[in-house]
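Q: One structure coming up, written as structure tokens, with questions to follow.
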Amino acid sequence: MVRTTVQDLAAAVEEPPRQYVVHERDRDHLLAADEMPDPIPLIDLGRLMAADEAHKLREALQTWGLFLVTNHGIEESLMDAMMSASRDFFRQPPEEKNKCSNLIDDGEHLEMEGYGNDKVVTPQDQGLSWNDRLHLRVEPQDERNFAKWPTHPESFRDVLLEYASRTKRIRDLILRSIAKILDLDEDYFVNKISNTARGFARFNYYPPCSRPELVLGMRPHSDVGLLTILFVDHDVGGLQVQRDGKWYNVPVKPYTLVINLADCMEIMCNGIFMSPVHRVVTNAKKERLSLGVFYVVDGETVLEPAPGLLDDKRPPRYEKFKAKDFGFSFD
Ligand SMILES: O=C(O)CCC(=O)C(=O)O
Ligand SMILES: [Fe+2]
């Protein structure tokens with residue numbers, strides 16, 4: 001398999017190749033987005049036990065399925081170290097990055113973990129996105145495959161281990177808060193996923209694109225797991241979320257995180273809260289980085305709307321199924 005990363009392409013070509021260009025019929029709306037109206041969904045995680053902050057979280061989940069968080073317990077110095085380790089990794093020459101390649105079987109196949117690019121799979125086959133990524137499993141702990149983890153910069157491994165231990169705490173706090181908001185047992189979601197849940201760190205690298213009106217950094221999609229904790233570039237926006245068919249820019253606020261619900265939570269919440277469709281637009285001048293930590297159920301987990309949310313007036317909106325049977329577990 002001959003494969004070029006988007007980073008190499010961006011340096012070599014004036015015009016993005018055809019596979020990256022969005023179909024003409026979808027292009028009108030490509031750069032059309034509104035600013036999120038005030039108040040933006042911004043949650044103080046340190047105050048989430050207070051009724052007014054929990055109320056704000058409920059509103060954010062109902063309106064957007066996505067929110068920004070402050071006071072999340074990850075020090076600014078750790079966030080800076082994580083972002084700069086990621087930047088250092090992507091700035092290395094291809095032969096260094098390819099030591100973590102996601103190509104296997106002499107380049108015949110792609111595996112989920114590692115460095116490379118991939119297609120965002122959506123119901124309509126949308127073509128390629130203008131980004132490269134490094135995808136690493138961080139949970140469960142005993143399934144970390146350090147052979148795929150960068151050794152440059154040297155700090156990469158320790159910084160990611162520390163960062164991922166913090167995002168796991170945030171995950172549990174958010175899952176408990178959502179259960180509480182829905183009047184479920186506070187540990188309902190946390191117990192459902194147990195210790196076998198997966199966590200993936202996905203480092204995204206979006207090179208500048210000379211024709212931002214033609215391509216997308218990441219095509220529209222919703223995330224498949226439980227929830228995603230995103231750390232986006234302080235300097236360059238690009239993430240947009242869809243609501244009622246319109247696109248909104250997700251504001252960039254230094255040292256805040258962006259959290260979005262993903263499909264499995266939508267199912268367990270019986271659709272009361274939705275997994276939002278989002279995308280990333282490219283920037284003509286600047287590169288952009290982001291790091292998403294995705295929490296995903298294990299393949300054996302049976303997904304169904306939480307029984308505590310159902311009654312005669314609120315029937316289940318989703319059938320019960322095993323996560324692995326519908327590709328919800330990244331197996
Ligand atoms: O780069 C971003 O801001 C979003 C990335 C994203 O949606 C994803 O990795 O699933
Ligand atoms: Fe996403």
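Labeling convention for the structure tokens: chains A, B, ... as they appear, residues from 1 per chain, ligands from 1 in order of appearance.
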Could you please extract the residues within 7 Å of ligand 2, counting only C-alpha atoms and all ligand atoms, and hand them back as a PDB file with C-alpha atoms, in the first residue's frame?

A:
```
ATOM      1  CA  HIS A 221     -19.349  12.523  12.290  1.00  0.00           C
ATOM      2  CA  SER A 222     -20.474  11.662  15.775  1.00  0.00           C
ATOM      3  CA  ASP A 223     -18.144   9.764  18.088  1.00  0.00           C
ATOM      4  CA  HIS A 278     -19.286  17.719  14.601  1.00  0.00           C
TER       5      HIS A 278
END
```

Q: As JSON, numbers by chain, please: all residues of segment 68-314 of chain A that backbone DSSP puts in strand (DSSP E or B).

A: {"A": [68, 69, 70, 101, 103, 104, 109, 110, 114, 115, 116, 132, 133, 134, 135, 136, 137, 138, 139, 198, 199, 200, 201, 202, 203, 204, 205, 206, 216, 217, 218, 219, 220, 221, 227, 228, 229, 230, 231, 232, 239, 240, 241, 242, 243, 246, 247, 248, 249, 257, 258, 259, 260, 261, 278, 279, 280, 281, 288, 289, 290, 291, 292, 293, 294, 295, 296, 302, 303, 311, 314]}

Q: Let me see if you get this right: every residue at most 6 Å from ligand 1, counting only C-alpha atoms and all ligand atoms, written as a list of chain:residue names.

A: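 Answer in the requested format: A:Asp223, A:Val232, A:Leu239, A:Val280, A:Ser290, A:Gly292.
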
Q: Restricting it to all heavy atoms, dump the selection as a PDB file, in the first residue's frame.

A:
```
ATOM      1  N   ASP A 223     -19.101  10.727  17.545  1.00  0.00           N
ATOM      2  CA  ASP A 223     -18.144   9.764  18.088  1.00  0.00           C
ATOM      3  C   ASP A 223     -18.920   8.531  18.565  1.00  0.00           C
ATOM      4  O   ASP A 223     -20.033   8.659  19.081  1.00  0.00           O
ATOM      5  CB  ASP A 223     -17.344  10.394  19.240  1.00  0.00           C
ATOM      6  CG  ASP A 223     -16.461  11.550  18.752  1.00  0.00           C
ATOM      7  OD1 ASP A 223     -16.238  11.670  17.533  1.00  0.00           O
ATOM      8  OD2 ASP A 223     -16.011  12.345  19.597  1.00  0.00           O
ATOM      9  N   VAL A 232      -8.166  21.092  22.524  1.00  0.00           N
ATOM     10  CA  VAL A 232      -7.945  21.676  21.198  1.00  0.00           C
ATOM     11  C   VAL A 232      -6.894  22.778  21.265  1.00  0.00           C
ATOM     12  O   VAL A 232      -6.657  23.373  22.316  1.00  0.00           O
ATOM     13  CB  VAL A 232      -9.255  22.218  20.565  1.00  0.00           C
ATOM     14  CG1 VAL A 232     -10.262  21.102  20.356  1.00  0.00           C
ATOM     15  CG2 VAL A 232      -9.865  23.337  21.397  1.00  0.00           C
ATOM     16  N   LEU A 239     -13.058  23.542  15.179  1.00  0.00           N
ATOM     17  CA  LEU A 239     -14.093  22.579  15.553  1.00  0.00           C
ATOM     18  C   LEU A 239     -15.466  23.246  15.464  1.00  0.00           C
ATOM     19  O   LEU A 239     -15.650  24.360  15.950  1.00  0.00           O
ATOM     20  CB  LEU A 239     -13.834  22.076  16.982  1.00  0.00           C
ATOM     21  CG  LEU A 239     -14.887  21.151  17.579  1.00  0.00           C
ATOM     22  CD1 LEU A 239     -15.020  19.847  16.789  1.00  0.00           C
ATOM     23  CD2 LEU A 239     -14.570  20.842  19.052  1.00  0.00           C
ATOM     24  N   VAL A 280     -14.412  19.449  11.540  1.00  0.00           N
ATOM     25  CA  VAL A 280     -13.317  20.402  11.725  1.00  0.00           C
ATOM     26  C   VAL A 280     -13.038  21.056  10.374  1.00  0.00           C
ATOM     27  O   VAL A 280     -12.911  20.355   9.364  1.00  0.00           O
ATOM     28  CB  VAL A 280     -12.045  19.689  12.242  1.00  0.00           C
ATOM     29  CG1 VAL A 280     -10.887  20.669  12.375  1.00  0.00           C
ATOM     30  CG2 VAL A 280     -12.315  19.004  13.591  1.00  0.00           C
ATOM     31  N   SER A 290      -4.979  18.747  17.906  1.00  0.00           N
ATOM     32  CA  SER A 290      -5.950  18.484  18.967  1.00  0.00           C
ATOM     33  C   SER A 290      -5.669  17.090  19.516  1.00  0.00           C
ATOM     34  O   SER A 290      -5.001  16.279  18.870  1.00  0.00           O
ATOM     35  CB  SER A 290      -7.399  18.570  18.449  1.00  0.00           C
ATOM     36  OG  SER A 290      -7.687  17.487  17.589  1.00  0.00           O
ATOM     37  N   GLY A 292      -7.941  14.084  21.354  1.00  0.00           N
ATOM     38  CA  GLY A 292      -9.204  13.582  21.897  1.00  0.00           C
ATOM     39  C   GLY A 292      -8.926  12.317  22.672  1.00  0.00           C
ATOM     40  O   GLY A 292      -8.217  11.441  22.177  1.00  0.00           O
TER      41      GLY A 292
END
```

Q: Using only C-alpha atoms, find the one residue out of A:Ser210, A:Arg317, A:Asp38, A:Phe203 that sits nearest to Val13 of chain A.

A: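 Nearest candidate to Val13 of chain A out of A:Ser210, A:Arg317, A:Asp38, A:Phe203: A:Ser210.
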
Q: Contacts of Glu162 of chain A at 12 Å or less, counting only C-alpha atoms, minus same-chain residues fewer than 4 places along, as a list in words?

A: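 Everything that qualifies: Gly73, Ile74, Glu75, Ser77, Leu78, Met79, Ala81, Met82, Val138, Ser155, Phe156, Arg157, Asp158, Arg166, Thr167, Lys168 and Arg169 of chain A.
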
Q: Could you save the residues just selected, with N, CA, C and O atoms, as a PDB file, in the first residue's frame?

A:
```pdb
ATOM      1  N   GLY A  73      -9.048  20.078  36.822  1.00  0.00           N
ATOM      2  CA  GLY A  73      -8.034  19.345  37.576  1.00  0.00           C
ATOM      3  C   GLY A  73      -6.770  19.009  36.790  1.00  0.00           C
ATOM      4  O   GLY A  73      -5.852  18.409  37.343  1.00  0.00           O
ATOM      5  N   ILE A  74      -6.696  19.366  35.514  1.00  0.00           N
ATOM      6  CA  ILE A  74      -5.434  19.135  34.785  1.00  0.00           C
ATOM      7  C   ILE A  74      -4.672  20.465  34.767  1.00  0.00           C
ATOM      8  O   ILE A  74      -5.162  21.463  34.225  1.00  0.00           O
ATOM      9  N   GLU A  75      -3.498  20.452  35.394  1.00  0.00           N
ATOM     10  CA  GLU A  75      -2.736  21.696  35.517  1.00  0.00           C
ATOM     11  C   GLU A  75      -2.365  22.229  34.132  1.00  0.00           C
ATOM     12  O   GLU A  75      -2.110  21.457  33.208  1.00  0.00           O
ATOM     13  N   SER A  77       0.410  23.399  33.310  1.00  0.00           N
ATOM     14  CA  SER A  77       1.750  22.936  32.919  1.00  0.00           C
ATOM     15  C   SER A  77       1.673  21.545  32.260  1.00  0.00           C
ATOM     16  O   SER A  77       2.394  21.259  31.300  1.00  0.00           O
ATOM     17  N   LEU A  78       0.780  20.697  32.766  1.00  0.00           N
ATOM     18  CA  LEU A  78       0.632  19.362  32.163  1.00  0.00           C
ATOM     19  C   LEU A  78       0.001  19.470  30.769  1.00  0.00           C
ATOM     20  O   LEU A  78       0.398  18.767  29.828  1.00  0.00           O
ATOM     21  N   MET A  79      -0.965  20.376  30.631  1.00  0.00           N
ATOM     22  CA  MET A  79      -1.579  20.557  29.303  1.00  0.00           C
ATOM     23  C   MET A  79      -0.538  21.078  28.311  1.00  0.00           C
ATOM     24  O   MET A  79      -0.438  20.591  27.183  1.00  0.00           O
ATOM     25  N   ALA A  81       2.653  20.637  28.463  1.00  0.00           N
ATOM     26  CA  ALA A  81       3.622  19.563  28.182  1.00  0.00           C
ATOM     27  C   ALA A  81       3.031  18.565  27.184  1.00  0.00           C
ATOM     28  O   ALA A  81       3.727  18.072  26.288  1.00  0.00           O
ATOM     29  N   MET A  82       1.738  18.282  27.331  1.00  0.00           N
ATOM     30  CA  MET A  82       1.091  17.319  26.426  1.00  0.00           C
ATOM     31  C   MET A  82       1.045  17.871  25.004  1.00  0.00           C
ATOM     32  O   MET A  82       1.354  17.182  24.038  1.00  0.00           O
ATOM     33  N   VAL A 138      -5.044   3.831  25.717  1.00  0.00           N
ATOM     34  CA  VAL A 138      -4.576   4.173  27.074  1.00  0.00           C
ATOM     35  C   VAL A 138      -5.298   3.390  28.168  1.00  0.00           C
ATOM     36  O   VAL A 138      -4.831   3.319  29.294  1.00  0.00           O
ATOM     37  N   SER A 155       9.774  12.646  26.815  1.00  0.00           N
ATOM     38  CA  SER A 155       8.762  12.823  27.857  1.00  0.00           C
ATOM     39  C   SER A 155       7.398  12.272  27.447  1.00  0.00           C
ATOM     40  O   SER A 155       6.485  12.191  28.261  1.00  0.00           O
ATOM     41  N   PHE A 156       7.251  11.933  26.151  1.00  0.00           N
ATOM     42  CA  PHE A 156       5.911  11.636  25.620  1.00  0.00           C
ATOM     43  C   PHE A 156       5.138  10.629  26.485  1.00  0.00           C
ATOM     44  O   PHE A 156       4.002  10.855  26.877  1.00  0.00           O
ATOM     45  N   ARG A 157       5.788   9.514  26.785  1.00  0.00           N
ATOM     46  CA  ARG A 157       5.084   8.442  27.475  1.00  0.00           C
ATOM     47  C   ARG A 157       4.594   8.878  28.862  1.00  0.00           C
ATOM     48  O   ARG A 157       3.423   8.706  29.202  1.00  0.00           O
ATOM     49  N   ASP A 158       5.496   9.471  29.637  1.00  0.00           N
ATOM     50  CA  ASP A 158       5.103   9.847  30.996  1.00  0.00           C
ATOM     51  C   ASP A 158       4.023  10.914  31.000  1.00  0.00           C
ATOM     52  O   ASP A 158       3.106  10.897  31.819  1.00  0.00           O
ATOM     53  N   ARG A 166      -5.695  11.656  34.446  1.00  0.00           N
ATOM     54  CA  ARG A 166      -6.594  12.778  34.795  1.00  0.00           C
ATOM     55  C   ARG A 166      -7.883  12.743  33.988  1.00  0.00           C
ATOM     56  O   ARG A 166      -8.953  13.028  34.506  1.00  0.00           O
ATOM     57  N   THR A 167      -7.772  12.407  32.703  1.00  0.00           N
ATOM     58  CA  THR A 167      -9.013  12.402  31.912  1.00  0.00           C
ATOM     59  C   THR A 167      -9.948  11.286  32.392  1.00  0.00           C
ATOM     60  O   THR A 167     -11.166  11.423  32.321  1.00  0.00           O
ATOM     61  N   LYS A 168      -9.358  10.205  32.924  1.00  0.00           N
ATOM     62  CA  LYS A 168     -10.212   9.121  33.423  1.00  0.00           C
ATOM     63  C   LYS A 168     -11.038   9.609  34.621  1.00  0.00           C
ATOM     64  O   LYS A 168     -12.217   9.287  34.763  1.00  0.00           O
ATOM     65  N   ARG A 169     -10.398  10.404  35.453  1.00  0.00           N
ATOM     66  CA  ARG A 169     -11.151  10.963  36.585  1.00  0.00           C
ATOM     67  C   ARG A 169     -12.274  11.880  36.101  1.00  0.00           C
ATOM     68  O   ARG A 169     -13.369  11.875  36.631  1.00  0.00           O
TER      69      ARG A 169
END
```

Q: Do you have, as a Markdown table, the list of residues of segment 62-145 of chain A lying at most 7 Å from segment 189-200 of chain A, each with its nearest atom pair and that distance in Å to one decimal, counting only C-alpha atoms and ordered by chain then number?

A:
```
| residue | atom | partner | partner_atom | distance |
| --- | --- | --- | --- | --- |
| A:His135 | CA | A:Phe200 | CA | 6.7 |
| A:Leu136 | CA | A:Phe200 | CA | 5.5 |
| A:Arg137 | CA | A:Phe200 | CA | 4.4 |
| A:Val138 | CA | A:Gly199 | CA | 5.2 |
| A:Glu139 | CA | A:Gly199 | CA | 4.4 |
| A:Pro140 | CA | A:Arg198 | CA | 5.7 |
```

Q: How would the residues just chosen look if you wrote them out with N, CA, C and O atoms as an mmCIF file, in the first residue's frame?

A:
```cif
data_model
loop_
_atom_site.group_PDB
_atom_site.id
_atom_site.type_symbol
_atom_site.label_atom_id
_atom_site.label_comp_id
_atom_site.auth_asym_id
_atom_site.auth_seq_id
_atom_site.Cartn_x
_atom_site.Cartn_y
_atom_site.Cartn_z
ATOM 1 N N HIS A 135 -2.828 7.323 17.068
ATOM 2 C CA HIS A 135 -3.914 6.750 17.858
ATOM 3 C C HIS A 135 -3.318 5.729 18.827
ATOM 4 O O HIS A 135 -2.683 4.772 18.395
ATOM 5 N N LEU A 136 -3.486 5.923 20.117
ATOM 6 C CA LEU A 136 -2.876 5.031 21.107
ATOM 7 C C LEU A 136 -3.894 4.609 22.149
ATOM 8 O O LEU A 136 -4.657 5.444 22.656
ATOM 9 N N ARG A 137 -3.873 3.329 22.488
ATOM 10 C CA ARG A 137 -4.785 2.850 23.522
ATOM 11 C C ARG A 137 -4.226 3.207 24.903
ATOM 12 O O ARG A 137 -3.065 2.909 25.179
ATOM 13 N N VAL A 138 -5.044 3.831 25.717
ATOM 14 C CA VAL A 138 -4.576 4.173 27.074
ATOM 15 C C VAL A 138 -5.298 3.390 28.168
ATOM 16 O O VAL A 138 -4.831 3.319 29.294
ATOM 17 N N GLU A 139 -6.461 2.820 27.859
ATOM 18 C CA GLU A 139 -7.186 1.965 28.809
ATOM 19 C C GLU A 139 -7.692 0.734 28.060
ATOM 20 O O GLU A 139 -8.062 0.863 26.891
ATOM 21 N N PRO A 140 -7.807 -0.421 28.721
ATOM 22 C CA PRO A 140 -7.359 -0.687 30.087
ATOM 23 C C PRO A 140 -5.827 -0.662 30.171
ATOM 24 O O PRO A 140 -5.150 -0.910 29.162
#
```

Q: Pick out each residue of segment 21-227 of chain A that DSSP on the backbone tags as alpha helix (DSSP H); I need them as a ChimeraX atom specification.

A: /A:24-27,51-63,76-90,94-97,156-181,188-193

Q: Of the candidates A:Leu61, A:Leu103, A:Ala201, A:Leu289, which shows the shortest atom-to-atom distance to Leu182 of chain A, using only C-alpha atoms?

A: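 Ranking A:Leu61, A:Leu103, A:Ala201, A:Leu289 by distance to Leu182 of chain A, first place goes to A:Leu61.
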